[in-house]
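S.K.: Sending over model-v7.cif (mmCIF, C-alpha atoms, pLDDT in the B column; chains and numbers go by the auth columns).
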```
data_start
#
loop_
_atom_site.group_PDB
_atom_site.id
_atom_site.type_symbol
_atom_site.label_atom_id
_atom_site.label_comp_id
_atom_site.label_asym_id
_atom_site.label_seq_id
_atom_site.Cartn_x
_atom_site.Cartn_y
_atom_site.Cartn_z
_atom_site.B_iso_or_equiv
_atom_site.auth_seq_id
_atom_site.auth_asym_id
ATOM 1 C CA MET A 1 -20.630 4.358 2.301 43.00 1 A
ATOM 2 C CA ARG A 2 -19.051 1.046 1.393 52.00 2 A
ATOM 3 C CA MET A 3 -19.842 0.254 -2.248 45.00 3 A
ATOM 4 C CA LYS A 4 -21.180 -3.303 -2.359 52.00 4 A
ATOM 5 C CA THR A 5 -19.099 -4.700 -5.215 66.00 5 A
ATOM 6 C CA ALA A 6 -19.059 -8.403 -6.068 84.00 6 A
ATOM 7 C CA TYR A 7 -15.461 -9.554 -5.849 92.00 7 A
ATOM 8 C CA SER A 8 -14.246 -12.909 -7.110 93.00 8 A
ATOM 9 C CA GLU A 9 -13.004 -15.445 -4.552 94.00 9 A
ATOM 10 C CA GLU A 10 -9.462 -14.709 -5.735 93.00 10 A
ATOM 11 C CA GLU A 11 -9.948 -10.959 -5.219 95.00 11 A
ATOM 12 C CA LYS A 12 -11.443 -11.558 -1.755 95.00 12 A
ATOM 13 C CA ARG A 13 -8.401 -13.702 -0.846 95.00 13 A
ATOM 14 C CA PHE A 14 -6.107 -10.976 -2.238 96.00 14 A
ATOM 15 C CA LEU A 15 -7.780 -8.360 -0.016 96.00 15 A
ATOM 16 C CA ARG A 16 -7.703 -10.700 3.022 96.00 16 A
ATOM 17 C CA ASP A 17 -3.978 -11.402 2.513 96.00 17 A
ATOM 18 C CA LEU A 18 -3.297 -7.683 2.227 97.00 18 A
ATOM 19 C CA GLY A 19 -5.346 -7.018 5.371 97.00 19 A
ATOM 20 C CA ASN A 20 -3.445 -9.706 7.281 97.00 20 A
ATOM 21 C CA THR A 21 -0.133 -8.223 6.157 97.00 21 A
ATOM 22 C CA ILE A 22 -1.155 -4.764 7.364 97.00 22 A
ATOM 23 C CA LYS A 23 -2.263 -6.246 10.717 98.00 23 A
ATOM 24 C CA HIS A 24 1.056 -8.158 10.953 97.00 24 A
ATOM 25 C CA TYR A 25 3.137 -4.994 10.513 97.00 25 A
ATOM 26 C CA ARG A 26 0.816 -2.990 12.792 98.00 26 A
ATOM 27 C CA THR A 27 1.267 -5.478 15.644 98.00 27 A
ATOM 28 C CA LEU A 28 5.026 -5.587 14.978 97.00 28 A
ATOM 29 C CA CYS A 29 4.978 -1.834 15.559 96.00 29 A
ATOM 30 C CA ASP A 30 2.895 -2.396 18.693 97.00 30 A
ATOM 31 C CA LEU A 31 0.241 -0.001 17.392 97.00 31 A
ATOM 32 C CA SER A 32 -3.506 -0.247 18.032 98.00 32 A
ATOM 33 C CA GLN A 33 -5.857 0.190 15.058 98.00 33 A
ATOM 34 C CA GLU A 34 -6.743 3.533 16.601 98.00 34 A
ATOM 35 C CA LYS A 35 -3.128 4.722 16.722 98.00 35 A
ATOM 36 C CA LEU A 36 -2.471 3.528 13.161 98.00 36 A
ATOM 37 C CA ALA A 37 -5.636 5.295 12.000 98.00 37 A
ATOM 38 C CA PHE A 38 -4.608 8.515 13.730 98.00 38 A
ATOM 39 C CA ALA A 39 -1.088 8.356 12.287 97.00 39 A
ATOM 40 C CA SER A 40 -2.496 7.690 8.795 97.00 40 A
ATOM 41 C CA ASN A 41 -5.206 10.332 9.013 96.00 41 A
ATOM 42 C CA LEU A 42 -7.760 7.604 8.355 97.00 42 A
ATOM 43 C CA ASP A 43 -10.751 6.382 10.365 97.00 43 A
ATOM 44 C CA ARG A 44 -10.271 3.557 12.884 96.00 44 A
ATOM 45 C CA THR A 45 -13.249 1.630 11.506 97.00 45 A
ATOM 46 C CA TYR A 46 -11.727 1.941 8.031 98.00 46 A
ATOM 47 C CA ILE A 47 -8.464 0.395 9.290 98.00 47 A
ATOM 48 C CA GLY A 48 -10.472 -2.431 10.859 98.00 48 A
ATOM 49 C CA SER A 49 -12.356 -3.142 7.627 98.00 49 A
ATOM 50 C CA VAL A 50 -9.117 -3.041 5.607 98.00 50 A
ATOM 51 C CA GLU A 51 -7.499 -5.562 7.977 98.00 51 A
ATOM 52 C CA ARG A 52 -10.546 -7.840 7.616 97.00 52 A
ATOM 53 C CA GLY A 53 -10.140 -7.699 3.828 96.00 53 A
ATOM 54 C CA GLU A 54 -13.428 -5.875 3.357 96.00 54 A
ATOM 55 C CA ARG A 55 -11.987 -2.889 1.509 96.00 55 A
ATOM 56 C CA ASN A 56 -10.569 -2.520 -1.968 97.00 56 A
ATOM 57 C CA ILE A 57 -8.154 0.072 -0.610 97.00 57 A
ATOM 58 C CA SER A 58 -6.682 2.772 -2.850 97.00 58 A
ATOM 59 C CA VAL A 59 -2.942 3.066 -3.393 97.00 59 A
ATOM 60 C CA ILE A 60 -2.845 6.481 -1.683 97.00 60 A
ATOM 61 C CA ASN A 61 -4.469 5.090 1.469 97.00 61 A
ATOM 62 C CA LEU A 62 -2.147 2.077 1.271 97.00 62 A
ATOM 63 C CA ASN A 63 0.787 4.483 1.072 96.00 63 A
ATOM 64 C CA LYS A 64 -0.516 6.449 4.087 97.00 64 A
ATOM 65 C CA ILE A 65 -0.674 3.218 6.124 98.00 65 A
ATOM 66 C CA ALA A 66 2.761 2.084 4.909 97.00 66 A
ATOM 67 C CA THR A 67 4.267 5.476 5.815 96.00 67 A
ATOM 68 C CA SER A 68 2.783 5.224 9.334 97.00 68 A
ATOM 69 C CA LEU A 69 4.240 1.713 9.666 97.00 69 A
ATOM 70 C CA ASN A 70 7.590 2.988 8.418 96.00 70 A
ATOM 71 C CA ILE A 71 7.750 0.606 5.469 95.00 71 A
ATOM 72 C CA LYS A 72 7.332 0.876 1.702 94.00 72 A
ATOM 73 C CA PRO A 73 3.876 0.233 0.215 94.00 73 A
ATOM 74 C CA SER A 74 5.461 -2.447 -1.977 94.00 74 A
ATOM 75 C CA GLU A 75 6.374 -4.326 1.241 92.00 75 A
ATOM 76 C CA LEU A 76 2.710 -4.373 2.276 93.00 76 A
ATOM 77 C CA MET A 77 1.757 -5.839 -1.108 91.00 77 A
ATOM 78 C CA LYS A 78 4.462 -8.541 -1.111 86.00 78 A
ATOM 79 C CA THR A 79 2.324 -11.319 0.331 72.00 79 A
ATOM 80 C CA ALA A 80 -0.903 -10.229 -1.351 59.00 80 A
ATOM 81 C CA MET B 1 -17.198 9.657 -13.124 43.00 81 B
ATOM 82 C CA ARG B 2 -13.798 10.680 -11.822 52.00 82 B
ATOM 83 C CA MET B 3 -14.155 11.973 -8.249 45.00 83 B
ATOM 84 C CA LYS B 4 -12.398 15.312 -8.098 51.00 84 B
ATOM 85 C CA THR B 5 -10.347 14.851 -4.917 66.00 85 B
ATOM 86 C CA ALA B 6 -7.668 17.331 -3.848 84.00 86 B
ATOM 87 C CA TYR B 7 -4.432 15.400 -3.577 91.00 87 B
ATOM 88 C CA SER B 8 -1.295 16.802 -2.006 93.00 88 B
ATOM 89 C CA GLU B 9 1.718 17.424 -4.238 94.00 89 B
ATOM 90 C CA GLU B 10 3.360 14.368 -2.685 93.00 90 B
ATOM 91 C CA GLU B 11 0.321 12.204 -3.472 95.00 91 B
ATOM 92 C CA LYS B 12 0.217 13.523 -7.050 95.00 92 B
ATOM 93 C CA ARG B 13 3.908 12.646 -7.458 95.00 93 B
ATOM 94 C CA PHE B 14 3.218 9.195 -5.960 96.00 94 B
ATOM 95 C CA LEU B 15 0.426 8.574 -8.508 96.00 95 B
ATOM 96 C CA ARG B 16 2.587 9.915 -11.374 96.00 96 B
ATOM 97 C CA ASP B 17 5.491 7.649 -10.387 96.00 97 B
ATOM 98 C CA LEU B 18 3.137 4.680 -10.227 97.00 98 B
ATOM 99 C CA GLY B 19 1.681 5.583 -13.630 97.00 99 B
ATOM 100 C CA ASN B 20 5.158 5.868 -15.138 97.00 100 B
ATOM 101 C CA THR B 21 6.100 2.475 -13.720 97.00 101 B
ATOM 102 C CA ILE B 22 2.997 0.865 -15.224 97.00 102 B
ATOM 103 C CA LYS B 23 3.765 2.492 -18.592 98.00 103 B
ATOM 104 C CA HIS B 24 7.390 1.284 -18.333 97.00 104 B
ATOM 105 C CA TYR B 25 6.356 -2.347 -17.825 97.00 105 B
ATOM 106 C CA ARG B 26 3.605 -2.078 -20.449 98.00 106 B
ATOM 107 C CA THR B 27 6.106 -0.907 -23.105 97.00 107 B
ATOM 108 C CA LEU B 28 8.575 -3.598 -21.979 97.00 108 B
ATOM 109 C CA CYS B 29 5.813 -6.102 -22.770 96.00 109 B
ATOM 110 C CA ASP B 30 5.240 -4.334 -26.094 97.00 110 B
ATOM 111 C CA LEU B 31 1.547 -3.883 -25.245 97.00 111 B
ATOM 112 C CA SER B 32 -0.649 -0.973 -26.305 98.00 112 B
ATOM 113 C CA GLN B 33 -2.870 0.647 -23.665 98.00 113 B
ATOM 114 C CA GLU B 34 -5.763 -1.001 -25.475 98.00 114 B
ATOM 115 C CA LYS B 35 -4.249 -4.496 -25.235 98.00 115 B
ATOM 116 C CA LEU B 36 -3.362 -3.993 -21.566 98.00 116 B
ATOM 117 C CA ALA B 37 -6.891 -2.749 -20.884 98.00 117 B
ATOM 118 C CA PHE B 38 -8.416 -5.752 -22.643 98.00 118 B
ATOM 119 C CA ALA B 39 -6.145 -8.193 -20.796 97.00 119 B
ATOM 120 C CA SER B 40 -6.994 -6.515 -17.458 97.00 120 B
ATOM 121 C CA ASN B 41 -10.710 -6.276 -18.127 96.00 121 B
ATOM 122 C CA LEU B 42 -10.441 -2.509 -17.641 97.00 122 B
ATOM 123 C CA ASP B 43 -11.262 0.422 -19.915 97.00 123 B
ATOM 124 C CA ARG B 44 -8.554 1.809 -22.204 96.00 124 B
ATOM 125 C CA THR B 45 -9.225 5.381 -21.111 97.00 125 B
ATOM 126 C CA TYR B 46 -8.865 4.215 -17.492 97.00 126 B
ATOM 127 C CA ILE B 47 -5.421 2.765 -18.272 98.00 127 B
ATOM 128 C CA GLY B 48 -4.456 6.043 -19.921 98.00 128 B
ATOM 129 C CA SER B 49 -5.535 8.101 -16.905 97.00 129 B
ATOM 130 C CA VAL B 50 -3.730 5.727 -14.512 98.00 130 B
ATOM 131 C CA GLU B 51 -0.513 6.083 -16.539 98.00 131 B
ATOM 132 C CA ARG B 52 -0.862 9.886 -16.418 97.00 132 B
ATOM 133 C CA GLY B 53 -1.146 9.689 -12.631 96.00 133 B
ATOM 134 C CA GLU B 54 -4.725 10.946 -12.651 96.00 134 B
ATOM 135 C CA ARG B 55 -6.221 7.975 -10.804 96.00 135 B
ATOM 136 C CA ASN B 56 -5.980 6.866 -7.209 97.00 136 B
ATOM 137 C CA ILE B 57 -6.154 3.276 -8.405 97.00 137 B
ATOM 138 C CA SER B 58 -7.466 0.493 -6.156 97.00 138 B
ATOM 139 C CA VAL B 59 -5.295 -2.444 -5.188 97.00 139 B
ATOM 140 C CA ILE B 60 -7.554 -4.885 -7.053 97.00 140 B
ATOM 141 C CA ASN B 61 -7.216 -2.920 -10.296 97.00 141 B
ATOM 142 C CA LEU B 62 -3.479 -2.628 -9.666 97.00 142 B
ATOM 143 C CA ASN B 63 -3.357 -6.403 -9.251 96.00 143 B
ATOM 144 C CA LYS B 64 -5.326 -6.909 -12.503 97.00 144 B
ATOM 145 C CA ILE B 65 -2.779 -4.759 -14.365 98.00 145 B
ATOM 146 C CA ALA B 66 0.179 -6.488 -12.690 97.00 146 B
ATOM 147 C CA THR B 67 -1.242 -9.913 -13.579 96.00 147 B
ATOM 148 C CA SER B 68 -1.618 -8.835 -17.236 97.00 148 B
ATOM 149 C CA LEU B 69 1.992 -7.596 -17.196 97.00 149 B
ATOM 150 C CA ASN B 70 3.099 -10.875 -15.638 96.00 150 B
ATOM 151 C CA ILE B 71 4.622 -9.238 -12.575 95.00 151 B
ATOM 152 C CA LYS B 72 3.706 -8.910 -8.904 94.00 152 B
ATOM 153 C CA PRO B 73 1.725 -5.841 -7.804 94.00 153 B
ATOM 154 C CA SER B 74 4.506 -5.110 -5.291 94.00 154 B
ATOM 155 C CA GLU B 75 6.882 -4.702 -8.270 92.00 155 B
ATOM 156 C CA LEU B 76 4.632 -2.011 -9.737 93.00 156 B
ATOM 157 C CA MET B 77 4.695 -0.138 -6.418 91.00 157 B
ATOM 158 C CA LYS B 78 8.474 -0.345 -5.953 86.00 158 B
ATOM 159 C CA THR B 79 9.327 3.008 -7.490 72.00 159 B
ATOM 160 C CA ALA B 80 6.204 4.778 -6.264 59.00 160 B
#
```
Can the structure in the file be given as structure tokens, please?

M.R.:
Amino acid sequence: MRMKTAYSEEEKRFLRDLGNTIKHYRTLCDLSQEKLAFASNLDRTYIGSVERGERNISVINLNKIATSLNIKPSELMKTA
Amino acid sequence: MRMKTAYSEEEKRFLRDLGNTIKHYRTLCDLSQEKLAFASNLDRTYIGSVERGERNISVINLNKIATSLNIKPSELMKTA
């Protein structure tokens, strides 16, 4: 259940930038959302919503995704 | 209400490292938990639990804390 929280425009942009960065690294790795989800032990639809900037992702899930993409979580947050 | 989620030992260490890093930068800025909480628009007890590694913090809250500490959120995640 996605908690409907009102985010500021700045927070929405922050989440969108983070989602774009994750998508960038995923495509660099030539992984589908499904394969990234499987590798991260997360749901494919969750990966999709994160990439669209619709999720205020937790640091543990961010670390799972970073580990699957073979980079540090701090790298994923660099452009956000 | 803190959701009691079972984290792996590795995830617990990840959260503890992140909490220690936040505490490190907070003390560098000579801020109390209370002042950091006020600056971040978060609760002081929340800051305390994050520093103890008891919270799977969201990226937006991490960004609020980083902004209050005048550093990038990626810096906070570097040692985690």

S.K.: If the PyMOL selection byres ((chain B) within 10 of (chain A)) were run on this exact file, what residues would it hold? Put them as a PyMOL selection string.

M.R.: chain B and resi 87+91-92+94-95+98+135-144+152-160

S.K.: Expressed in Å to a single decimal, how great is the separation between atom CA of A:Thr27 and atom CA of A:Leu42?

M.R.: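 So the answer is 17.5 Å.
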
S.K.: What's the separation between atom CA of B:Ile145 and atom CA of A:Ala6, in Å to one decimal place?

M.R.: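 Separation between atom CA of B:Ile145 and atom CA of A:Ala6: 18.6 Å.
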
S.K.: Just say which residues the PyMOL selection byres ((chain A and resi 31) around 12) picks in this file, as a list in words.

M.R.: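 Answer for the PyMOL selection byres ((chain A and resi 31) around 12): Ile22, Lys23, His24, Tyr25, Arg26, Thr27, Leu28, Cys29, Asp30, Ser32, Gln33, Glu34, Lys35, Leu36, Ala37, Phe38, Ala39, Ser40, Arg44, Ile47, Ile65, Ser68, Leu69 and Asn70 of chain A.
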
S.K.: State, in Å with one decimal place, the distance from atom CA of A:Asn41 to atom CA of A:Gly53.

M.R.: 19.4 Å

S.K.: Draw an axis-aligned box over all listed atoms of stretch 131-139 of chain B, pad each side with 6 Å, and write its centre and edge lengths in Å, one decimal, as AutoDock Vina command-line options.

M.R.:
```
--center_x -4.0 --center_y 4.3 --center_z -10.9 --size_x 19.0 --size_y 25.4 --size_z 23.4
```

S.K.: With distances taken over all atoms listed in the file, which of B:Thr125, B:Ala146, B:Ile151, B:Val130 is nearest to B:Asp97?

M.R.: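 Going through B:Thr125, B:Ala146, B:Ile151, B:Val130 one by one, the smallest distance to B:Asp97 is for B:Val130.
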
S.K.: Could stretch 95-129 of chain B be written out with N, CA, C and O atoms, as a PDB file, in the first residue's frame, please?

M.R.:
```pdb
ATOM      1  N   LEU B  95      22.799   0.123   8.824  1.00  0.00           N
ATOM      2  CA  LEU B  95      22.052   1.193   9.499  1.00  0.00           C
ATOM      3  C   LEU B  95      22.887   1.796  10.638  1.00  0.00           C
ATOM      4  O   LEU B  95      22.862   3.007  10.857  1.00  0.00           O
ATOM      5  N   ARG B  96      23.639   0.955  11.337  1.00  0.00           N
ATOM      6  CA  ARG B  96      24.496   1.470  12.438  1.00  0.00           C
ATOM      7  C   ARG B  96      25.602   2.378  11.869  1.00  0.00           C
ATOM      8  O   ARG B  96      25.860   3.460  12.392  1.00  0.00           O
ATOM      9  N   ASP B  97      26.210   1.932  10.770  1.00  0.00           N
ATOM     10  CA  ASP B  97      27.268   2.746  10.151  1.00  0.00           C
ATOM     11  C   ASP B  97      26.698   4.090   9.704  1.00  0.00           C
ATOM     12  O   ASP B  97      27.320   5.146   9.900  1.00  0.00           O
ATOM     13  N   LEU B  98      25.516   4.048   9.112  1.00  0.00           N
ATOM     14  CA  LEU B  98      24.881   5.285   8.652  1.00  0.00           C
ATOM     15  C   LEU B  98      24.580   6.193   9.852  1.00  0.00           C
ATOM     16  O   LEU B  98      24.878   7.393   9.819  1.00  0.00           O
ATOM     17  N   GLY B  99      24.068   5.595  10.923  1.00  0.00           N
ATOM     18  CA  GLY B  99      23.775   6.376  12.131  1.00  0.00           C
ATOM     19  C   GLY B  99      25.023   7.004  12.713  1.00  0.00           C
ATOM     20  O   GLY B  99      25.021   8.177  13.120  1.00  0.00           O
ATOM     21  N   ASN B 100      26.109   6.250  12.722  1.00  0.00           N
ATOM     22  CA  ASN B 100      27.385   6.776  13.248  1.00  0.00           C
ATOM     23  C   ASN B 100      27.890   7.931  12.392  1.00  0.00           C
ATOM     24  O   ASN B 100      28.436   8.921  12.905  1.00  0.00           O
ATOM     25  N   THR B 101      27.704   7.799  11.075  1.00  0.00           N
ATOM     26  CA  THR B 101      28.152   8.867  10.174  1.00  0.00           C
ATOM     27  C   THR B 101      27.353  10.147  10.420  1.00  0.00           C
ATOM     28  O   THR B 101      27.916  11.248  10.482  1.00  0.00           O
ATOM     29  N   ILE B 102      26.046   9.993  10.598  1.00  0.00           N
ATOM     30  CA  ILE B 102      25.197  11.162  10.866  1.00  0.00           C
ATOM     31  C   ILE B 102      25.630  11.822  12.182  1.00  0.00           C
ATOM     32  O   ILE B 102      25.810  13.038  12.256  1.00  0.00           O
ATOM     33  N   LYS B 103      25.875  10.991  13.196  1.00  0.00           N
ATOM     34  CA  LYS B 103      26.306  11.523  14.501  1.00  0.00           C
ATOM     35  C   LYS B 103      27.658  12.254  14.359  1.00  0.00           C
ATOM     36  O   LYS B 103      27.868  13.339  14.893  1.00  0.00           O
ATOM     37  N   HIS B 104      28.543  11.651  13.559  1.00  0.00           N
ATOM     38  CA  HIS B 104      29.877  12.252  13.325  1.00  0.00           C
ATOM     39  C   HIS B 104      29.731  13.666  12.756  1.00  0.00           C
ATOM     40  O   HIS B 104      30.301  14.627  13.277  1.00  0.00           O
ATOM     41  N   TYR B 105      28.919  13.795  11.706  1.00  0.00           N
ATOM     42  CA  TYR B 105      28.764  15.111  11.067  1.00  0.00           C
ATOM     43  C   TYR B 105      28.003  16.064  11.981  1.00  0.00           C
ATOM     44  O   TYR B 105      28.269  17.266  12.008  1.00  0.00           O
ATOM     45  N   ARG B 106      27.051  15.519  12.753  1.00  0.00           N
ATOM     46  CA  ARG B 106      26.286  16.388  13.667  1.00  0.00           C
ATOM     47  C   ARG B 106      27.240  17.006  14.702  1.00  0.00           C
ATOM     48  O   ARG B 106      27.191  18.202  14.976  1.00  0.00           O
ATOM     49  N   THR B 107      28.120  16.166  15.269  1.00  0.00           N
ATOM     50  CA  THR B 107      29.046  16.683  16.308  1.00  0.00           C
ATOM     51  C   THR B 107      30.081  17.618  15.673  1.00  0.00           C
ATOM     52  O   THR B 107      30.470  18.611  16.290  1.00  0.00           O
ATOM     53  N   LEU B 108      30.452  17.344  14.421  1.00  0.00           N
ATOM     54  CA  LEU B 108      31.368  18.265  13.716  1.00  0.00           C
ATOM     55  C   LEU B 108      30.727  19.659  13.621  1.00  0.00           C
ATOM     56  O   LEU B 108      31.402  20.682  13.746  1.00  0.00           O
ATOM     57  N   CYS B 109      29.395  19.648  13.427  1.00  0.00           N
ATOM     58  CA  CYS B 109      28.674  20.928  13.303  1.00  0.00           C
ATOM     59  C   CYS B 109      28.327  21.511  14.672  1.00  0.00           C
ATOM     60  O   CYS B 109      27.671  22.548  14.767  1.00  0.00           O
ATOM     61  N   ASP B 110      28.738  20.744  15.726  1.00  0.00           N
ATOM     62  CA  ASP B 110      28.446  21.205  17.095  1.00  0.00           C
ATOM     63  C   ASP B 110      26.947  21.437  17.314  1.00  0.00           C
ATOM     64  O   ASP B 110      26.519  22.427  17.895  1.00  0.00           O
ATOM     65  N   LEU B 111      26.152  20.482  16.785  1.00  0.00           N
ATOM     66  CA  LEU B 111      24.692  20.537  16.942  1.00  0.00           C
ATOM     67  C   LEU B 111      24.238  19.440  17.901  1.00  0.00           C
ATOM     68  O   LEU B 111      24.761  18.322  17.866  1.00  0.00           O
ATOM     69  N   SER B 112      23.261  19.772  18.741  1.00  0.00           N
ATOM     70  CA  SER B 112      22.637  18.723  19.569  1.00  0.00           C
ATOM     71  C   SER B 112      21.654  17.971  18.677  1.00  0.00           C
ATOM     72  O   SER B 112      21.272  18.453  17.598  1.00  0.00           O
ATOM     73  N   GLN B 113      21.201  16.799  19.150  1.00  0.00           N
ATOM     74  CA  GLN B 113      20.183  16.055  18.392  1.00  0.00           C
ATOM     75  C   GLN B 113      18.942  16.940  18.247  1.00  0.00           C
ATOM     76  O   GLN B 113      18.289  16.958  17.198  1.00  0.00           O
ATOM     77  N   GLU B 114      18.672  17.683  19.319  1.00  0.00           N
ATOM     78  CA  GLU B 114      17.466  18.534  19.304  1.00  0.00           C
ATOM     79  C   GLU B 114      17.565  19.603  18.207  1.00  0.00           C
ATOM     80  O   GLU B 114      16.632  19.823  17.444  1.00  0.00           O
ATOM     81  N   LYS B 115      18.741  20.240  18.124  1.00  0.00           N
ATOM     82  CA  LYS B 115      18.916  21.307  17.120  1.00  0.00           C
ATOM     83  C   LYS B 115      18.870  20.726  15.715  1.00  0.00           C
ATOM     84  O   LYS B 115      18.268  21.309  14.809  1.00  0.00           O
ATOM     85  N   LEU B 116      19.486  19.554  15.530  1.00  0.00           N
ATOM     86  CA  LEU B 116      19.444  18.908  14.210  1.00  0.00           C
ATOM     87  C   LEU B 116      18.011  18.538  13.862  1.00  0.00           C
ATOM     88  O   LEU B 116      17.555  18.743  12.725  1.00  0.00           O
ATOM     89  N   ALA B 117      17.280  18.032  14.839  1.00  0.00           N
ATOM     90  CA  ALA B 117      15.878  17.648  14.603  1.00  0.00           C
ATOM     91  C   ALA B 117      15.063  18.869  14.202  1.00  0.00           C
ATOM     92  O   ALA B 117      14.322  18.857  13.212  1.00  0.00           O
ATOM     93  N   PHE B 118      15.266  19.964  14.929  1.00  0.00           N
ATOM     94  CA  PHE B 118      14.505  21.190  14.634  1.00  0.00           C
ATOM     95  C   PHE B 118      14.837  21.688  13.223  1.00  0.00           C
ATOM     96  O   PHE B 118      13.953  21.998  12.430  1.00  0.00           O
ATOM     97  N   ALA B 119      16.123  21.681  12.906  1.00  0.00           N
ATOM     98  CA  ALA B 119      16.561  22.189  11.584  1.00  0.00           C
ATOM     99  C   ALA B 119      16.029  21.301  10.458  1.00  0.00           C
ATOM    100  O   ALA B 119      15.771  21.763   9.339  1.00  0.00           O
ATOM    101  N   SER B 120      15.832  20.004  10.762  1.00  0.00           N
ATOM    102  CA  SER B 120      15.404  19.042   9.729  1.00  0.00           C
ATOM    103  C   SER B 120      13.898  18.837   9.711  1.00  0.00           C
ATOM    104  O   SER B 120      13.394  18.048   8.919  1.00  0.00           O
ATOM    105  N   ASN B 121      13.227  19.538  10.637  1.00  0.00           N
ATOM    106  CA  ASN B 121      11.775  19.356  10.747  1.00  0.00           C
ATOM    107  C   ASN B 121      11.420  17.891  11.030  1.00  0.00           C
ATOM    108  O   ASN B 121      10.481  17.312  10.460  1.00  0.00           O
ATOM    109  N   LEU B 122      12.261  17.278  11.892  1.00  0.00           N
ATOM    110  CA  LEU B 122      12.029  15.891  12.306  1.00  0.00           C
ATOM    111  C   LEU B 122      11.993  15.860  13.832  1.00  0.00           C
ATOM    112  O   LEU B 122      12.377  16.828  14.496  1.00  0.00           O
ATOM    113  N   ASP B 123      11.587  14.735  14.393  1.00  0.00           N
ATOM    114  CA  ASP B 123      11.462  14.637  15.847  1.00  0.00           C
ATOM    115  C   ASP B 123      12.814  14.259  16.467  1.00  0.00           C
ATOM    116  O   ASP B 123      13.552  13.445  15.901  1.00  0.00           O
ATOM    117  N   ARG B 124      13.094  14.816  17.648  1.00  0.00           N
ATOM    118  CA  ARG B 124      14.394  14.548  18.275  1.00  0.00           C
ATOM    119  C   ARG B 124      14.561  13.046  18.562  1.00  0.00           C
ATOM    120  O   ARG B 124      15.613  12.477  18.313  1.00  0.00           O
ATOM    121  N   THR B 125      13.507  12.398  18.983  1.00  0.00           N
ATOM    122  CA  THR B 125      13.653  10.969  19.300  1.00  0.00           C
ATOM    123  C   THR B 125      13.917  10.173  18.007  1.00  0.00           C
ATOM    124  O   THR B 125      14.608   9.161  18.020  1.00  0.00           O
ATOM    125  N   TYR B 126      13.395  10.681  16.890  1.00  0.00           N
ATOM    126  CA  TYR B 126      13.646  10.037  15.596  1.00  0.00           C
ATOM    127  C   TYR B 126      15.128  10.144  15.253  1.00  0.00           C
ATOM    128  O   TYR B 126      15.760   9.154  14.865  1.00  0.00           O
ATOM    129  N   ILE B 127      15.692  11.337  15.464  1.00  0.00           N
ATOM    130  CA  ILE B 127      17.136  11.526  15.185  1.00  0.00           C
ATOM    131  C   ILE B 127      17.953  10.570  16.058  1.00  0.00           C
ATOM    132  O   ILE B 127      18.876   9.898  15.582  1.00  0.00           O
ATOM    133  N   GLY B 128      17.581  10.467  17.319  1.00  0.00           N
ATOM    134  CA  GLY B 128      18.288   9.572  18.225  1.00  0.00           C
ATOM    135  C   GLY B 128      18.239   8.126  17.740  1.00  0.00           C
ATOM    136  O   GLY B 128      19.259   7.424  17.701  1.00  0.00           O
ATOM    137  N   SER B 129      17.057   7.687  17.291  1.00  0.00           N
ATOM    138  CA  SER B 129      16.938   6.282  16.863  1.00  0.00           C
ATOM    139  C   SER B 129      17.679   6.048  15.537  1.00  0.00           C
ATOM    140  O   SER B 129      18.242   4.974  15.312  1.00  0.00           O
TER     141      SER B 129
END
```
